[in-house]
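The next block is final-v6.txt, given as compact mmCIF, C-alpha atoms and all ligand atoms.
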# COMPACT_ATOMS: atom_id res chain seq x y z
CA MET A 1 -7.31 -0.64 4.28
CA LYS A 2 -6.44 0.78 0.91
CA ALA A 3 -3.42 2.05 -0.96
CA GLY A 4 -3.72 4.96 -3.37
CA ILE A 5 -1.75 5.37 -6.60
CA VAL A 6 -0.48 8.94 -6.68
CA GLY A 7 1.69 10.93 -9.11
CA LEU A 8 1.80 13.53 -11.85
CA PRO A 9 -0.63 13.19 -14.78
CA ASN A 10 0.30 10.79 -17.60
CA VAL A 11 3.07 8.92 -15.73
CA GLY A 12 1.35 5.52 -15.91
CA LYS A 13 -0.83 5.36 -12.80
CA SER A 14 -3.86 3.84 -14.50
CA THR A 15 -1.63 1.53 -16.51
CA LEU A 16 -0.16 0.37 -13.20
CA PHE A 17 -3.64 -0.10 -11.81
CA ASN A 18 -4.34 -2.34 -14.80
CA CYS A 19 -1.26 -4.44 -14.00
CA LEU A 20 -2.57 -5.05 -10.51
CA SER A 21 -6.26 -5.39 -10.86
CA ASN A 22 -8.70 -7.15 -13.13
CA ALA A 23 -10.93 -4.09 -12.96
CA LYS A 24 -9.91 -2.09 -16.00
CA ALA A 25 -9.11 1.60 -15.72
CA GLN A 26 -8.99 3.81 -18.76
CA SER A 27 -5.43 4.76 -19.59
CA ALA A 28 -4.43 7.01 -22.47
CA ASN A 29 -1.66 9.29 -23.58
CA PHE A 30 -3.01 12.59 -22.28
CA PRO A 31 -2.94 14.29 -18.89
CA PHE A 32 -6.03 14.05 -16.66
CA CYS A 33 -7.32 10.94 -18.37
CA THR A 34 -8.45 9.78 -14.94
CA ILE A 35 -10.82 11.96 -12.95
CA GLU A 36 -12.99 9.70 -10.85
CA PRO A 37 -10.89 7.25 -8.83
CA ASN A 38 -10.80 3.61 -10.02
CA ILE A 39 -11.04 1.10 -7.20
CA GLY A 40 -9.85 -2.48 -7.44
CA VAL A 41 -9.76 -5.35 -4.96
CA VAL A 42 -6.55 -7.20 -5.63
CA ASN A 43 -5.57 -10.71 -4.51
CA VAL A 44 -2.30 -10.84 -2.59
CA PRO A 45 -0.08 -13.49 -4.21
CA ASP A 46 1.21 -15.89 -1.57
CA LYS A 47 3.21 -19.05 -2.25
CA ARG A 48 2.25 -20.40 1.20
CA LEU A 49 -1.41 -20.41 0.25
CA GLU A 50 -0.62 -22.43 -2.89
CA LYS A 51 1.31 -24.92 -0.77
CA LEU A 52 -1.56 -25.25 1.72
CA GLU A 53 -3.93 -25.86 -1.17
CA GLU A 54 -1.68 -28.62 -2.43
CA LEU A 55 -1.51 -30.24 1.02
CA VAL A 56 -5.14 -29.89 2.15
CA LYS A 57 -6.91 -30.12 -1.25
CA PRO A 58 -9.86 -27.98 -0.19
CA VAL A 59 -13.02 -27.25 -2.16
CA ARG A 60 -12.26 -23.52 -2.21
CA VAL A 61 -9.27 -21.25 -1.81
CA GLN A 62 -9.55 -17.62 -0.82
CA PRO A 63 -6.47 -15.39 -0.93
CA ALA A 64 -6.01 -12.24 1.11
CA THR A 65 -6.94 -9.04 -0.71
CA VAL A 66 -5.91 -5.43 -0.68
CA GLU A 67 -7.77 -2.45 -2.08
CA ILE A 68 -5.96 -0.27 -4.61
CA VAL A 69 -7.27 3.12 -5.73
CA ASP A 70 -6.12 4.79 -8.94
CA ILE A 71 -6.30 8.54 -8.38
CA ALA A 72 -6.23 11.45 -10.82
CA GLY A 73 -2.89 13.12 -11.48
CA LEU A 74 -1.75 16.03 -9.34
CA VAL A 75 -0.03 19.08 -10.80
CA LYS A 76 1.80 22.04 -9.37
CA GLY A 77 -0.76 24.23 -7.62
CA ALA A 78 -3.13 21.32 -6.92
CA SER A 79 -3.37 22.37 -3.28
CA LYS A 80 -4.69 25.72 -4.50
CA GLY A 81 -7.25 24.03 -6.74
CA GLU A 82 -5.14 23.90 -9.90
CA GLY A 83 -6.13 21.06 -12.27
CA LEU A 84 -9.12 20.04 -10.12
CA GLY A 85 -6.54 19.53 -7.41
CA ASN A 86 -8.54 19.82 -4.24
CA GLN A 87 -10.87 17.02 -5.10
CA PHE A 88 -7.98 14.68 -5.86
CA LEU A 89 -6.27 15.56 -2.62
CA ALA A 90 -9.43 14.50 -0.81
CA ASN A 91 -9.24 11.15 -2.64
CA ILE A 92 -5.68 10.74 -1.40
CA ARG A 93 -6.67 11.59 2.15
CA GLU A 94 -9.09 8.67 2.16
CA THR A 95 -6.34 6.12 1.58
CA ASP A 96 -4.08 4.47 4.16
CA ALA A 97 -0.86 4.37 2.17
CA ILE A 98 0.58 6.01 -0.93
CA LEU A 99 2.06 4.28 -3.97
CA HIS A 100 3.93 7.17 -5.57
CA VAL A 101 4.50 6.51 -9.28
CA LEU A 102 7.48 8.20 -10.93
CA ARG A 103 8.07 8.27 -14.65
CA CYS A 104 11.47 6.68 -15.25
CA PHE A 105 11.24 6.01 -18.98
CA ASP A 106 12.15 8.05 -22.04
CA ASN A 107 9.58 8.15 -24.79
CA ASP A 108 9.03 11.24 -26.91
CA ASN A 109 5.53 10.13 -27.80
CA ILE A 110 4.31 10.21 -24.21
CA VAL A 111 3.58 13.74 -23.00
CA HIS A 112 5.29 14.88 -19.81
CA VAL A 113 3.29 17.67 -18.14
CA ASP A 114 6.49 19.46 -17.14
CA GLY A 115 8.23 19.01 -20.46
CA LYS A 116 11.06 16.67 -19.59
CA VAL A 117 11.58 13.36 -17.80
CA ASN A 118 12.92 14.10 -14.31
CA PRO A 119 11.64 11.82 -11.55
CA ILE A 120 13.34 13.77 -8.77
CA ARG A 121 11.71 17.07 -9.72
CA ASP A 122 8.39 15.22 -10.21
CA LYS A 123 8.62 13.71 -6.75
CA GLU A 124 9.32 17.12 -5.25
CA THR A 125 6.35 18.63 -7.08
CA ILE A 126 4.01 16.02 -5.63
CA ASP A 127 5.56 16.18 -2.16
CA MET A 128 5.16 19.94 -2.14
CA GLU A 129 1.47 19.82 -3.04
CA LEU A 130 0.81 17.25 -0.34
CA GLN A 131 2.79 19.29 2.16
CA LEU A 132 0.88 22.46 1.26
CA LYS A 133 -2.37 20.63 1.82
CA ASP A 134 -1.14 19.49 5.24
CA LEU A 135 -0.10 23.06 6.01
CA GLU A 136 -3.70 24.09 5.47
CA THR A 137 -4.79 21.36 7.87
CA VAL A 138 -2.27 22.33 10.51
CA ASP A 139 -3.15 26.03 10.23
CA LYS A 140 -6.83 25.28 10.77
CA LYS A 141 -6.00 23.19 13.81
CA LEU A 142 -3.68 25.82 15.22
CA GLU A 143 -6.39 28.42 14.86
CA LYS A 144 -8.66 26.31 17.05
CA VAL A 145 -6.14 25.32 19.68
CA LYS A 146 -4.48 28.73 20.09
CA ARG A 147 -7.19 30.34 22.17
CA ALA A 148 -7.42 27.44 24.59
CA ALA A 149 -3.63 27.39 24.88
CA LYS A 150 -3.59 31.09 25.76
CA THR A 151 -6.06 30.59 28.60
CA GLY A 152 -3.58 28.17 30.15
CA ASN A 153 -5.12 24.85 29.14
CA LYS A 154 -2.17 22.44 29.48
CA GLU A 155 -3.45 19.92 26.96
CA ALA A 156 -4.00 22.65 24.37
CA GLN A 157 -0.50 23.98 24.98
CA LYS A 158 0.94 20.53 24.35
CA GLU A 159 -1.03 20.21 21.17
CA GLU A 160 0.01 23.65 20.03
CA ALA A 161 3.68 22.78 20.48
CA VAL A 162 3.28 19.62 18.42
CA LEU A 163 1.37 21.45 15.69
CA LEU A 164 3.96 24.22 15.53
CA LYS A 165 6.70 21.66 15.06
CA ILE A 166 4.71 20.13 12.18
CA LYS A 167 4.06 23.53 10.68
CA SER A 168 7.69 24.59 10.62
CA SER A 169 8.75 21.23 9.19
CA LEU A 170 6.19 21.38 6.41
CA GLU A 171 7.30 24.90 5.61
CA ALA A 172 10.83 23.54 5.24
CA GLY A 173 9.60 20.85 2.82
CA ILE A 174 9.68 18.01 5.35
CA SER A 175 6.87 15.47 5.40
CA VAL A 176 5.16 14.56 8.66
CA ARG A 177 6.06 10.87 8.33
CA THR A 178 9.75 11.63 8.82
CA LEU A 179 9.27 13.53 12.10
CA GLU A 180 9.67 12.00 15.52
CA PHE A 181 7.06 12.45 18.21
CA ASP A 182 6.50 11.36 21.74
CA ALA A 183 4.27 8.25 21.46
CA ASP A 184 1.34 9.83 23.33
CA ASP A 185 1.56 13.07 21.38
CA TYR A 186 1.42 11.07 18.19
CA ILE A 187 -1.72 9.21 19.24
CA ASP A 188 -3.45 12.25 20.73
CA PHE A 189 -2.61 14.98 18.23
CA VAL A 190 -0.89 13.77 15.06
CA LYS A 191 -2.75 10.62 14.11
CA PRO A 192 -6.26 12.09 14.44
CA ALA A 193 -5.30 14.98 12.11
CA GLN A 194 -4.77 12.46 9.27
CA PHE A 195 -1.98 14.37 7.57
CA ILE A 196 -1.49 13.20 3.99
CA THR A 197 2.29 13.30 4.34
CA ASP A 198 2.06 11.09 7.41
CA LYS A 199 0.78 8.17 5.34
CA PRO A 200 3.37 5.50 4.63
CA VAL A 201 4.78 5.80 1.13
CA MET A 202 6.45 3.57 -1.42
CA TYR A 203 8.01 4.75 -4.69
CA ILE A 204 7.29 2.93 -7.92
CA CYS A 205 9.59 3.73 -10.80
CA ASN A 206 7.84 3.14 -14.10
CA VAL A 207 10.60 1.95 -16.43
CA ASP A 208 10.87 0.86 -20.06
CA GLU A 209 10.76 -2.82 -20.96
CA ALA A 210 14.53 -3.08 -21.41
CA SER A 211 15.01 -1.94 -17.79
CA ALA A 212 12.49 -4.37 -16.29
CA VAL A 213 15.18 -6.54 -14.68
CA THR A 214 18.00 -4.14 -13.91
CA GLY A 215 16.34 -0.75 -13.50
CA ASN A 216 18.04 2.29 -15.04
CA SER A 217 19.84 5.50 -14.15
CA TYR A 218 16.56 7.27 -13.30
CA VAL A 219 15.84 4.56 -10.75
CA ASP A 220 19.31 5.01 -9.26
CA LEU A 221 18.64 8.74 -8.91
CA VAL A 222 15.33 8.06 -7.14
CA LYS A 223 16.96 5.60 -4.75
CA GLU A 224 19.65 8.12 -3.92
CA ALA A 225 17.13 10.94 -3.43
CA VAL A 226 14.93 9.03 -0.98
CA LYS A 227 17.60 7.08 0.86
CA ASP A 228 16.87 8.83 4.16
CA GLU A 229 13.12 8.33 3.93
CA ASN A 230 13.12 4.70 4.98
CA ALA A 231 10.77 4.03 2.05
CA GLU A 232 10.84 1.15 -0.38
CA VAL A 233 11.67 1.86 -4.04
CA LEU A 234 10.44 -0.65 -6.63
CA PHE A 235 10.82 -0.51 -10.37
CA LEU A 236 8.39 -1.99 -12.82
CA ALA A 237 7.96 -1.95 -16.61
CA VAL A 238 4.39 -0.85 -16.13
CA ALA A 239 3.21 -0.72 -19.77
CA THR A 240 4.70 -4.12 -20.60
CA GLU A 241 3.26 -5.76 -17.50
CA ALA A 242 -0.16 -4.27 -18.19
CA ASP A 243 -0.06 -5.88 -21.66
CA ILE A 244 0.97 -9.21 -20.17
CA ASN A 245 -1.75 -8.99 -17.55
CA GLU A 246 -4.31 -8.74 -20.37
CA LEU A 247 -3.61 -12.39 -21.24
CA ASP A 248 -6.07 -14.80 -19.67
CA ASP A 249 -3.81 -17.81 -19.71
CA TYR A 250 -1.42 -18.17 -16.75
CA GLU A 251 1.18 -20.18 -18.70
CA GLU A 252 1.19 -17.62 -21.45
CA ARG A 253 1.71 -14.80 -18.99
CA GLN A 254 4.64 -16.67 -17.42
CA MET A 255 6.16 -17.15 -20.88
CA PHE A 256 6.03 -13.46 -21.70
CA LEU A 257 7.46 -12.55 -18.30
CA GLN A 258 10.35 -14.94 -18.87
CA ASP A 259 10.87 -13.33 -22.26
CA ILE A 260 11.64 -10.03 -20.58
CA GLY A 261 13.77 -11.79 -17.98
CA LEU A 262 11.40 -12.00 -15.01
CA ASP A 263 10.39 -15.19 -13.20
CA GLU A 264 7.63 -13.37 -11.37
CA ALA A 265 5.55 -10.34 -12.35
CA GLY A 266 6.83 -7.14 -10.78
CA SER A 267 3.21 -6.38 -9.97
CA ALA A 268 3.07 -9.44 -7.67
CA LYS A 269 6.05 -8.10 -5.74
CA LEU A 270 4.41 -4.70 -5.62
CA ILE A 271 1.13 -6.04 -4.20
CA ARG A 272 2.97 -7.84 -1.43
CA ALA A 273 4.95 -4.69 -0.68
CA ALA A 274 1.75 -2.62 -0.59
CA TYR A 275 0.23 -5.11 1.84
CA LYS A 276 3.23 -4.70 4.10
CA LEU A 277 3.13 -0.93 3.71
CA LEU A 278 -0.44 -1.05 5.03
CA LYS A 279 0.94 -2.91 8.07
CA GLN A 280 -1.13 -5.95 7.27
CA GLN A 281 -0.27 -9.60 7.73
CA THR A 282 -1.83 -12.95 7.07
CA TYR A 283 -2.94 -15.95 9.04
CA PHE A 284 -4.50 -19.03 7.50
CA THR A 285 -7.40 -21.31 8.17
CA ALA A 286 -6.96 -24.68 6.50
CA GLY A 287 -10.11 -26.77 6.38
CA VAL A 288 -11.19 -29.27 3.76
CA LYS A 289 -14.00 -26.93 2.70
CA GLU A 290 -11.83 -23.88 2.45
CA VAL A 291 -8.24 -22.83 2.73
CA ARG A 292 -8.16 -19.13 3.33
CA ALA A 293 -5.77 -16.28 4.00
CA TRP A 294 -7.13 -13.74 6.47
CA THR A 295 -5.86 -10.22 6.84
CA ILE A 296 -5.04 -8.73 10.23
CA ASP A 297 -3.08 -5.78 11.54
CA ILE A 298 0.47 -6.54 12.53
CA GLY A 299 0.37 -6.98 16.31
CA ALA A 300 -3.22 -8.29 16.43
CA THR A 301 -4.09 -10.71 19.25
CA ALA A 302 -5.71 -14.12 18.75
CA PRO A 303 -9.23 -12.86 19.63
CA GLN A 304 -8.83 -9.94 17.22
CA ALA A 305 -7.76 -12.36 14.51
CA ALA A 306 -10.83 -14.49 15.26
CA GLY A 307 -12.97 -11.36 15.00
CA VAL A 308 -12.01 -10.96 11.35
CA ILE A 309 -13.91 -14.17 10.64
CA HIS A 310 -16.91 -13.26 12.79
CA THR A 311 -17.48 -10.83 15.67
CA ASP A 312 -18.95 -13.75 17.71
CA PHE A 313 -15.61 -15.54 17.44
CA GLU A 314 -13.97 -12.58 19.12
CA LYS A 315 -16.64 -12.06 21.81
CA GLY A 316 -16.81 -15.75 22.73
CA PHE A 317 -13.13 -16.52 22.22
CA ILE A 318 -11.86 -19.35 24.42
CA ARG A 319 -8.56 -20.38 22.88
CA ALA A 320 -6.82 -20.95 19.58
CA GLU A 321 -4.99 -23.95 18.22
CA VAL A 322 -2.00 -22.69 16.32
CA ILE A 323 0.41 -24.30 13.89
CA ALA A 324 3.36 -22.30 12.59
CA TYR A 325 3.24 -22.28 8.79
CA ASN A 326 6.68 -23.90 8.49
CA ASP A 327 5.57 -26.80 10.69
CA PHE A 328 2.45 -27.31 8.61
CA GLU A 329 4.54 -27.39 5.49
CA SER A 330 7.22 -29.72 6.80
CA TYR A 331 4.87 -32.23 8.48
CA GLY A 332 2.37 -32.03 5.65
CA SER A 333 -0.91 -32.22 7.55
CA GLU A 334 -2.64 -31.11 10.71
CA ALA A 335 -2.75 -34.69 11.98
CA LYS A 336 1.00 -35.16 11.54
CA VAL A 337 1.73 -31.83 13.19
CA LYS A 338 -0.38 -32.90 16.19
CA GLU A 339 1.37 -36.26 16.36
CA ALA A 340 4.70 -34.49 16.49
CA GLY A 341 3.43 -32.33 19.35
CA LYS A 342 3.90 -29.15 17.32
CA MET A 343 0.40 -27.79 17.64
CA ARG A 344 0.19 -25.07 20.27
CA VAL A 345 -2.78 -23.93 22.32
CA GLU A 346 -2.80 -20.16 22.77
CA GLY A 347 -4.96 -17.85 24.86
CA LYS A 348 -6.37 -14.34 24.70
CA ASN A 349 -3.05 -12.53 24.83
CA TYR A 350 -1.33 -14.40 22.03
CA ILE A 351 0.05 -12.09 19.36
CA VAL A 352 -0.59 -13.78 16.03
CA LYS A 353 2.44 -14.36 13.82
CA ASP A 354 2.45 -13.99 10.08
CA GLY A 355 1.64 -17.36 8.51
CA ASP A 356 0.08 -18.99 11.57
CA VAL A 357 -2.44 -21.68 10.67
CA MET A 358 -5.23 -21.22 13.19
CA HIS A 359 -8.32 -22.86 14.54
CA PHE A 360 -10.51 -21.04 17.07
CA LEU A 361 -12.56 -22.41 19.91
CA PHE A 362 -15.32 -20.15 21.11
CA ASN A 363 -18.65 -19.89 22.96
CA VAL A 364 -21.72 -18.33 21.49
N1 LIG B 1 6.64 2.31 -19.11
C1 LIG B 1 5.98 2.91 -20.08
N2 LIG B 1 6.54 3.07 -21.32
C2 LIG B 1 5.87 3.67 -22.31
N3 LIG B 1 4.62 4.17 -22.20
C3 LIG B 1 4.01 4.07 -21.02
C4 LIG B 1 4.64 3.43 -19.90
N4 LIG B 1 3.79 3.46 -18.86
C5 LIG B 1 2.67 4.08 -19.29
N5 LIG B 1 2.79 4.45 -20.59
C6 LIG B 1 1.82 5.17 -21.41
O1 LIG B 1 1.64 6.47 -20.86
C7 LIG B 1 0.33 6.94 -21.12
C8 LIG B 1 -0.30 7.45 -19.84
O2 LIG B 1 -0.59 6.36 -19.00
P1 LIG B 1 -1.77 6.40 -17.92
O3 LIG B 1 -3.06 6.74 -18.54
O4 LIG B 1 -1.67 5.12 -17.17
O5 LIG B 1 -1.26 7.61 -17.01
P2 LIG B 1 -1.92 8.23 -15.69
O6 LIG B 1 -0.78 8.50 -14.78
O7 LIG B 1 -3.03 7.36 -15.21
O8 LIG B 1 -2.48 9.60 -16.26
P3 LIG B 1 -3.69 10.53 -15.70
O9 LIG B 1 -3.14 11.21 -14.52
O10 LIG B 1 -3.94 11.43 -16.84
O11 LIG B 1 -4.86 9.65 -15.41
C9 LIG B 1 -0.44 5.77 -21.75
O12 LIG B 1 -0.44 5.96 -23.15
C10 LIG B 1 0.42 4.57 -21.38
O13 LIG B 1 0.30 3.53 -22.33
MG MG B 2 -5.01 7.71 -14.97
Mind turning the file's structure into structure tokens?
Ligand SMILES: Nc1ncnc2c1ncn2[C@@H]1O[C@H](COP(=O)(O)OP(=O)(O)OP(=O)(O)O)[C@@H](O)[C@H]1O
Ligand SMILES: [Mg+2]
Amino acid sequence: MKAGIVGLPNVGKSTLFNCLSNAKAQSANFPFCTIEPNIGVVNVPDKRLEKLEELVKPVRVQPATVEIVDIAGLVKGASKGEGLGNQFLANIRETDAILHVLRCFDNDNIVHVDGKVNPIRDKETIDMELQLKDLETVDKKLEKVKRAAKTGNKEAQKEEAVLLKIKSSLEAGISVRTLEFDADDYIDFVKPAQFITDKPVMYICNVDEASAVTGNSYVDLVKEAVKDENAEVLFLAVATEADINELDDYEERQMFLQDIGLDEAGSAKLIRAAYKLLKQQTYFTAGVKEVRAWTIDIGATAPQAAGVIHTDFEKGFIRAEVIAYNDFESYGSEAKVKEAGKMRVEGKNYIVKDGDVMHFLFNV
């Protein structure tokens, strides 16, 4: 699962990537600095993992990770190939969620491709290009399904109706993610089409250092503009945090963050939000050799969770011993949790909860 950083050229996408990842992307004050996507595997900060480490004192600790892709900037006309657009749209299609970066800082030295800072117009420009790309997709699909629908094929007629609804919405500037579908229609017709505007989105307002804690009027405008989208809006002093992230020493980084009024890096918040946006959650294994956070889909069953460790664990799954994270923390060890009768045994149908500390029993 990966999240793609999307936005106009020169708004701070690569700089944001550098806040998040230790892989360094080139960032510079000119449009189209990035062409080939930069890919980074980013650790998901999790206080619970730190606590488990403290309690269990393992040899190794392995956090959950999420993949972040820094993509080239899109401009008006990208869907028609403007500014190398088509290639970049393909890069976006390959991601599972969109981190939409909006320039929310004034700075005359930093070029804005459309002349003036205006995050709302910028957002609309990007949305429109993505919607135009989806229109192309829907038109191609309609072409195929039309003939079958005409001959009376019921399934094709159903699909045609769904596609027509998508088409007219896109033409009205409405993204697929905001539409409602019958659950089966969604699974059969919408999901497989992989519409770009169906991917979950989060808005990241790139602000100046002085607005790192409070945001600014641009951020307020963005929040107002997207209030019906059910999407998260975060703000982050991207350039400042990228500078801080350059420092190797943790204490030093904390000091600089406190200087600008933050007790935690905005990028840490962002990574956790991206993880959620990708509909991922964490369970833990807590052995003396290794304490580890594992990533599963929200709604995964115990055998599916076991399968993330090894496919044999899933195939031969017998049962799982489960400790709720809060119990582990309050009793302080597996032994004490057991003593208190708080360890549960769960079977094949158990839906894993975020933070569960798990141990699997299986046959090979
Ligand atoms: N909050 C900010 N305040 C001031 N300058 C910033 C801020 N964020 C980024 N910049 C500067 O803006 C310029 C463009 O940044 P960056 O290269 O990250 O943009 P980009 O969106 O990746 O562009 P491209 O689409 O061309 O790859 C850089 O000089 C960067 O230092
Ligand atoms: Mg870039």
How would you report the residues lying within 6 Å of ligand MG 2 (chain B), as a ChimeraX atom specification, if you count only C-alpha atoms and all ligand atoms?
/A:13-14,27,33-34,72
Preceding selection exported with C-alpha atoms as a PDB file, in the coordinates of the input:
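Dumped to result39.pdb:
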ATOM      1  CA  LYS A  13      -0.830   5.360 -12.800  1.00  0.00           C
ATOM      2  CA  SER A  14      -3.860   3.840 -14.500  1.00  0.00           C
ATOM      3  CA  SER A  27      -5.430   4.760 -19.590  1.00  0.00           C
ATOM      4  CA  CYS A  33      -7.320  10.940 -18.370  1.00  0.00           C
ATOM      5  CA  THR A  34      -8.450   9.780 -14.940  1.00  0.00           C
ATOM      6  CA  ALA A  72      -6.230  11.450 -10.820  1.00  0.00           C
TER       7      ALA A  72
END
Nearby residues, ligand LIG 1 (chain B), 9 Å, all atoms listed in the file, as a PyMOL selection string
chain A and resi 5-18+25-35+70-74+101+103-107+109-111+205-209+236-242
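Of the residues under consideration (A:Glu290, A:Glu329, A:Glu334, A:Asp198), A:Glu290 shows the shortest atom-to-atom contact distance to Arg60 in chain A when counting only C-alpha atoms.
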Let me make sure I understand: among A:Ala172, A:Val226, A:Val201, A:Val291, which one has the smallest atom-to-atom distance to Leu277 in chain A if we use only C-alpha atoms?
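Smallest distance to Leu277 in chain A is found for A:Val201.
In terms of minimum interatomic distance to Asn91 in chain A, A:Pro37 ranks closest within A:Pro37, A:Gly307, A:Gly77, A:Gly266, counting all atoms listed in the file.
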Around (-0.2, 22.5, 5.0), as given in the file, which residues come within 12 Å? Count all atoms listed in the file and list them as JSON, numbers by chain.
{"A": [79, 80, 89, 127, 128, 129, 130, 131, 132, 133, 134, 135, 136, 137, 138, 139, 140, 141, 142, 163, 164, 166, 167, 168, 169, 170, 171, 172, 173, 174, 175, 176, 193, 194, 195, 196, 197, 198]}
Residue neighbourhood range 298-305 of chain A, 9 Å, only C-alpha atoms, exclusion window fewer than 5 positions, as a PDB file with C-alpha atoms, in the coordinates of the input:
ATOM      1  CA  LYS A 279       0.940  -2.910   8.070  1.00  0.00           C
ATOM      2  CA  GLN A 280      -1.130  -5.950   7.270  1.00  0.00           C
ATOM      3  CA  GLN A 281      -0.270  -9.600   7.730  1.00  0.00           C
ATOM      4  CA  THR A 282      -1.830 -12.950   7.070  1.00  0.00           C
ATOM      5  CA  TYR A 283      -2.940 -15.950   9.040  1.00  0.00           C
ATOM      6  CA  THR A 311     -17.480 -10.830  15.670  1.00  0.00           C
ATOM      7  CA  PHE A 313     -15.610 -15.540  17.440  1.00  0.00           C
ATOM      8  CA  GLU A 314     -13.970 -12.580  19.120  1.00  0.00           C
ATOM      9  CA  LYS A 315     -16.640 -12.060  21.810  1.00  0.00           C
ATOM     10  CA  GLY A 316     -16.810 -15.750  22.730  1.00  0.00           C
ATOM     11  CA  PHE A 317     -13.130 -16.520  22.220  1.00  0.00           C
ATOM     12  CA  ILE A 318     -11.860 -19.350  24.420  1.00  0.00           C
ATOM     13  CA  ARG A 319      -8.560 -20.380  22.880  1.00  0.00           C
ATOM     14  CA  ALA A 320      -6.820 -20.950  19.580  1.00  0.00           C
ATOM     15  CA  GLU A 346      -2.800 -20.160  22.770  1.00  0.00           C
ATOM     16  CA  GLY A 347      -4.960 -17.850  24.860  1.00  0.00           C
ATOM     17  CA  LYS A 348      -6.370 -14.340  24.700  1.00  0.00           C
ATOM     18  CA  ASN A 349      -3.050 -12.530  24.830  1.00  0.00           C
ATOM     19  CA  TYR A 350      -1.330 -14.400  22.030  1.00  0.00           C
ATOM     20  CA  ILE A 351       0.050 -12.090  19.360  1.00  0.00           C
ATOM     21  CA  VAL A 352      -0.590 -13.780  16.030  1.00  0.00           C
ATOM     22  CA  LYS A 353       2.440 -14.360  13.820  1.00  0.00           C
ATOM     23  CA  ASP A 354       2.450 -13.990  10.080  1.00  0.00           C
ATOM     24  CA  PHE A 360     -10.510 -21.040  17.070  1.00  0.00           C
TER      25      PHE A 360
END
Please measure the separation of CA of Arg121 in chain A and CA of Leu221 in chain A, giving the value in Å to one decimal.
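Spanning CA of Arg121 in chain A to CA of Leu221 in chain A is a straight-line distance of 10.9 Å.
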(-11.7, -27.0, 1.7) in this file's frame - what residues fall within 12 Å of it? Use all atoms listed in the file and give the answer as a PyMOL selection string.
chain A and resi 52-62+285-292
Report, in Å with one decimal, the straight-line distance from CA of Ser217 in chain A to CA of Glu246 in chain A.
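Straight-line distance from CA of Ser217 in chain A to CA of Glu246 in chain A works out to 28.7 Å.
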Mind pulling up the distance from CA of Pro63 in chain A to CA of Asp46 in chain A?
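One can read the CA of Asp46 in chain A to CA of Pro63 in chain A distance as 7.7 Å.
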